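Following: one structure in structure tokens, then a few remarks.
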2 protein chains.
Amino acid sequence: MAGHLPVSPLAPKGGFPDLPAVPGVRFATIAAGVKYQNRADVMLAELSPGTVIAGTFTRSRTRAAPVLDCQEKLGGSSEEGAAIVVNSGNANAFTGIAGVTAVKAITAEVSALLDIPEGRVFTASTGVIGEPLPHQKVIATLTSLQTALAPDGLADAARAIMTTDTFPKGASRQVQIEGKTVTISGIAKGSGMIAPDMATMLVYIFTDAKIGFKALQALVSTNCDTTFNCITVDSDTSTSDSLLVAATGQSGIAVSTEKNAPFATALNTVMDDLAKQVVRDGEGATKFITVQVEGAASNEDARLVAFSIANSPLVKTAIAGEDPNWGRVVMAVGKSGAEADRDRLTIRFGDVLVAKNGQMHPDYVEADAAVHMKSQEVTISVDLGLNRGQATVYTCDLTAQYIAINADYRS
Amino acid sequence: MAGHLPVSPLAPKGGFPDLPAVPGVRFATIAAGVKYQNRADVMLAELSPGTVIAGTFTRSRTRAAPVLDCQEKLGGSSEEGAAIVVNSGNANAFTGIAGVTAVKAITAEVSALLDIPEGRVFTASTGVIGEPLPHQKVIATLTSLQTALAPDGLADAARAIMTTDTFPKGASRQVQIEGKTVTISGIAKGSGMIAPDMATMLVYIFTDAKIGFKALQALVSTNCDTTFNCITVDSDTSTSDSLLVAATGQSGIAVSTEKNAPFATALNTVMDDLAKQVVRDGEGATKFITVQVEGAASNEDARLVAFSIANSPLVKTAIAGEDPNWGRVVMAVGKSGAEADRDRLTIRFGDVLVAKNGQMHPDYVEADAAVHMKSQEVTISVDLGLNRGQATVYTCDLTAQYIAINADYRS
């Protein structure tokens, strides 16, 4: 099924970006036939000795075997090389002891082949839940993958990890520090079952910055809260969400992790870019929706309201129908669980002031809002009028194509 | 739009039930032209002196003016008569001071006309949110409504309060107590924006039992938790959810409110019946889904898991596609927030054991589960294997017709 869906109308206009190679990282991809035929479905990334790896993972109580394995391995010694192996087509989730065995078998083979400790081999699997992963198919490709390793394989890697994705997702930033260039290049996959809880489906970001584990992990966790943890396609949280950031240190530049330092800003930009690309490839999406909430009692309350709006089937179908149905926004505020006073609510669609102080604004003309709803980028702004809490989340509309994809496709 | 949708395939086979009249209650309906044309859109119920009225309402923070008004009036003196006035087509929600004015105007007129205190006039409005209610249209019909009052108008009342409903909803039980008959007859409306939080859209139940306010309110609240608070169509909670139970006492039978006493059981049955009819009329529904959870750490946890499954777009679309996609059930358990151990999970579709101890059961044959998925009534059972917490909730599938209704219809 994957690959047969039309490309999302929200896909970045320029196509896949030209991602600069990151010194210290080599990639290879191959068609292992895990589930899909005639396309690459396994990627291998080899990381040089000294690479620091941070990450975040789903907090699902039913998380998959590779996720649990990766979580145990974070923060280990970075002296030796490392590797990341990802397959698409099968999530190796809810596969019991067979799932653990599959992870151990793959990591042991990669460890022996690349001469790195097993504790430095990270795996991930994405696709159907509940079917045993045919890990021998993956293992059979490892020698070929090793031979093919090259620094410029990131675009192919982005394609190999796709499932219901309709376009590959990549983002990059380069920053000048002490007269030298530090590169950050990353890829992501994700389209449905997107309501990340610590991270989204699969995200791999590489940099040649020099940075310690604790500092990198702190940056990644903080950034996650405002990027991957601020998107939702369908409110359904995956069992496999994994994000890894690998810093090879090959630039020789020890970066500052202060909030506004160039590296921290660039990393945040890459994560934000990738997160929004996941929304742009939301299953069946035709509109990219930004939900801005301010004036809440707290940031946490603002987040509750924003996600209540972004996950509401009635709000999302109204936007699919290009209907400025602000009554449904009121409903979503009311059910969110956050503190709210109906008579202090202000609602805008784009720049159009729709409602103020709990009722339709006297100057509101529906035709004005209708113009905004016809655009591909829709913004809903809500001011709760209580305090200074704010949050912004990103989502897409809910269309008949979402139903078609998910009623017919076993993912 | 209302009335133009095809009747839900899940509608009760026998059509609207023959509801026995309740001594002490008279009904009338009329076409006031609030929004819909050529159909009754206002109902008036007149209740005899001595009628005790209990109720539950939405806990939405953006609840409508009539809801706030009704909440204030519960528990007042029952010595004099009472009335319930409901209009469809306009929810009088998020209408600011104009909404309060409309409620006051209607209740004042009804009070004068029927010679009952304003504090005994309950109103409700259902339909579009955010547009001022043209309450003069309602008031203009009151004299005609009074003239038309008759004991057998419950079926017409059920039709007058419909919006996107495709069939009217009614249920009744009669119990023999001390050699006399006590009658309970009720009606409900609701089809979309159904994720009740204290009650569902609009429900009116009438009985001639003799019972005090506190006892009736306690019964209603307890029953709500296992009936209207156990259904969901789309996870979106209405701003207008209201349930009223009016006991006229005209049978002269003072009823016992013990949990298993005949009246308590009959009231629970009527509420359960009406709640399930709301699900059966879920927008676009083709399957009635029962989600049973047991073995949870607590009843509260069981409820979290059951609603996580029942509200998951991916589970609901899989069922629409008749796909026994149990991986999505695993996902929904994992994201629920409830305590869960992946390796103790047991999942069944109907009687078919799909997964046990965190993996697919060796005897599982997908074709068996596929047979169950083809039926109109689908049951998903999950045993968390932890403790004795349990919950059962009811929902429907998510289809392209739900999108069509909500992308195109301003409700």
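Identifiers in this document derive from the order of the structure tokens: chains are assigned A, B, ..., residues are numbered from 1 separately in each chain, and ligands are numbered from 1 in order of occurrence.
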What residues in chain B have any atom no more than 7 Å from chain A when counting only C-alpha atoms, and can you write them as a compact mmCIF listing (two decimals) with C-alpha atoms, in the first residue's frame?
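Listed below is the output, part15.txt:
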```txt
# COMPACT_ATOMS: atom_id res chain seq x y z
CA SER B 60 -18.24 21.64 29.74
CA ARG B 61 -16.68 24.98 30.72
CA THR B 62 -18.51 26.55 27.79
CA PHE B 94 -21.98 30.99 23.32
CA THR B 95 -24.53 33.74 22.80
CA GLY B 96 -23.47 35.92 25.74
CA ILE B 129 -23.67 27.07 18.42
CA GLY B 130 -22.99 30.81 18.50
CA ASP B 234 -16.66 11.06 18.42
CA ASP B 236 -16.46 15.58 21.37
CA THR B 237 -18.46 16.74 24.40
CA SER B 238 -21.49 18.93 23.77
CA THR B 239 -22.09 22.32 25.34
CA SER B 312 -9.30 5.89 18.78
CA PRO B 313 -9.78 6.96 15.14
CA LEU B 314 -7.55 4.09 14.05
CA THR B 317 -11.74 3.10 11.04
CA ALA B 318 -10.39 -0.47 11.20
CA ALA B 320 -15.47 0.37 9.59
CA GLY B 321 -13.23 -1.61 7.24
CA ASN B 325 -6.63 -5.00 13.41
CA GLY B 327 -2.47 -4.03 16.84
CA VAL B 330 -2.71 -2.65 21.70
CA MET B 331 -1.79 0.90 20.71
CA GLY B 334 -0.67 1.74 25.56
CA LYS B 335 -1.62 5.39 25.16
CA ALA B 340 -0.79 -1.79 31.80
CA ASP B 341 1.74 -4.55 31.28
CA ARG B 342 2.17 -5.39 27.62
CA ASP B 343 3.05 -9.00 28.43
CA GLY B 358 1.43 -9.89 25.08
CA GLN B 359 1.56 -11.72 21.78
CA MET B 360 -0.66 -13.26 19.14
CA THR B 399 -16.79 6.16 8.39
CA ALA B 400 -16.50 8.47 5.39
CA ILE B 403 -16.74 13.16 7.48
CA ASN B 406 -19.52 17.11 9.49
CA ALA B 407 -17.51 18.70 6.70
CA ASP B 408 -20.66 19.93 5.03
CA ARG B 410 -23.18 23.44 10.16
```
**OP:** Using backbone DSSP assignments, extract all alpha helix (DSSP H) residues from segment 225-386 of chain B; output them as number ranges by chain.
**Re:** B: 225-226, 262-280, 299-310, 313-320, 326-335, 366-373
Original post:
Looking at A:Val278, A:Ala215, A:Val382, A:Ala105, which one is nearest to Phe167 of chain A, with distances taken over only C-alpha atoms?
Top reply: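 Using only C-alpha atoms, Phe167 of chain A sits closest to A:Val278.
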Subject >> Residue nearest Met373 of chain A - candidates A:Gly33, A:Gly389, A:Gly295, A:Gly350, atoms counted: only C-alpha atoms >> reply: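 Using only C-alpha atoms, Met373 of chain A sits closest to A:Gly350.
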For Asp115 of chain B, work out the shell of residues within 12 Å, counting only C-alpha atoms and skipping chain neighbours fewer than 5 positions away, then give it as a short mmCIF file (atom, residue, chain, number, x, y, z; two decimals) with N, CA and C atoms, in the first residue's frame.
```cif
data_model
loop_
_atom_site.label_atom_id
_atom_site.label_comp_id
_atom_site.auth_asym_id
_atom_site.auth_seq_id
_atom_site.Cartn_x
_atom_site.Cartn_y
_atom_site.Cartn_z
N GLU B 46 -45.81 19.58 30.02
CA GLU B 46 -46.40 20.17 31.22
C GLU B 46 -46.50 19.09 32.29
N LEU B 47 -46.03 19.41 33.49
CA LEU B 47 -45.96 18.41 34.57
C LEU B 47 -46.86 18.83 35.71
N SER B 48 -47.55 17.86 36.27
CA SER B 48 -48.54 18.17 37.32
C SER B 48 -47.88 18.63 38.61
N PRO B 49 -48.63 19.37 39.45
CA PRO B 49 -48.10 19.74 40.76
C PRO B 49 -47.62 18.48 41.50
N GLU B 80 -45.77 22.93 43.21
CA GLU B 80 -46.55 23.42 42.07
C GLU B 80 -46.17 22.68 40.78
N GLY B 81 -46.89 22.98 39.71
CA GLY B 81 -46.64 22.36 38.43
C GLY B 81 -45.27 22.75 37.88
N ALA B 82 -44.91 22.13 36.78
CA ALA B 82 -43.62 22.44 36.15
C ALA B 82 -43.75 22.28 34.65
N ALA B 83 -42.73 22.74 33.91
CA ALA B 83 -42.75 22.61 32.46
C ALA B 83 -41.34 22.45 31.91
N THR B 107 -38.91 31.47 29.70
CA THR B 107 -39.41 30.91 30.96
C THR B 107 -40.48 31.82 31.57
N ALA B 108 -40.33 33.14 31.41
CA ALA B 108 -41.33 34.06 31.94
C ALA B 108 -42.68 33.86 31.26
N GLU B 109 -42.66 33.70 29.94
CA GLU B 109 -43.90 33.51 29.19
C GLU B 109 -44.58 32.20 29.56
N VAL B 110 -43.80 31.15 29.65
CA VAL B 110 -44.36 29.83 30.00
C VAL B 110 -44.95 29.88 31.41
N ARG B 120 -39.73 26.76 38.05
CA ARG B 120 -40.13 25.39 37.69
C ARG B 120 -40.23 25.23 36.17
N VAL B 121 -39.71 26.18 35.43
CA VAL B 121 -39.71 26.06 33.96
C VAL B 121 -38.28 25.76 33.49
N GLN B 146 -49.99 25.26 24.26
CA GLN B 146 -50.81 24.99 25.44
C GLN B 146 -52.14 24.32 25.05
#
```
Subject >> Å distance separating atom CA of Ile253 of chain A from atom CA of Leu216 of chain A, one decimal place >> reply: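 Interatomic distance, atom CA of Ile253 of chain A to atom CA of Leu216 of chain A: 13.9 Å.
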Original post:
Using only C-alpha atoms, which of the listed residues (A:Pro12, A:Gly24, A:Gly282, A:Gly55) sits closest to Val203 of chain A?
Top reply: A:Gly55
Original post:
Looking at only C-alpha atoms, which of B:Thr147, B:Thr395, B:Thr232, B:Gln176 is the one that sits closest to Ala261 of chain B?
Top reply: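 Residue with the minimum atom-to-atom distance to Ala261 of chain B: B:Gln176.
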**OP:** Once DSSP has gone over the backbone, tell me which residues of segment 302-372 of chain B are in strand (DSSP E), as number ranges by chain.
**Re:** B: 346-349, 352-356, 359-360
Subject >> Nearest to Leu244 of chain B by atom-to-atom distance, counting only C-alpha atoms, from B:Thr56, B:Thr101, B:Gln376, B:Asn90 >> reply: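 For Leu244 of chain B, the nearest of the given residues is B:Thr56.
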**OP:** Record the distance separating atom CA of Ser191 of chain A and atom CA of Thr164 of chain A, expressed in Å with one decimal.
**Re:**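 For atom CA of Ser191 of chain A relative to atom CA of Thr164 of chain A, the distance reads 6.2 Å.
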**OP:** Write out as a list in words which residues come within 9 Å of Pro20 of chain A when counting only C-alpha atoms, dropping same-chain ones fewer than 3 positions away.
**Re:**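 The residues satisfying every condition are Asp152, Leu154, Ser172, Arg173, Gln174, Thr183, Ile184 and Ser185 of chain A.
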**OP:** Go through A:Val182, A:Val52, A:Ile30, A:Val86 one by one, measure the shortest atom-to-atom distance of each to Leu74 of chain A using only C-alpha atoms, and give the residue with the smallest value.
**Re:**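 Result for the nearest residue to Leu74 of chain A: A:Val52.
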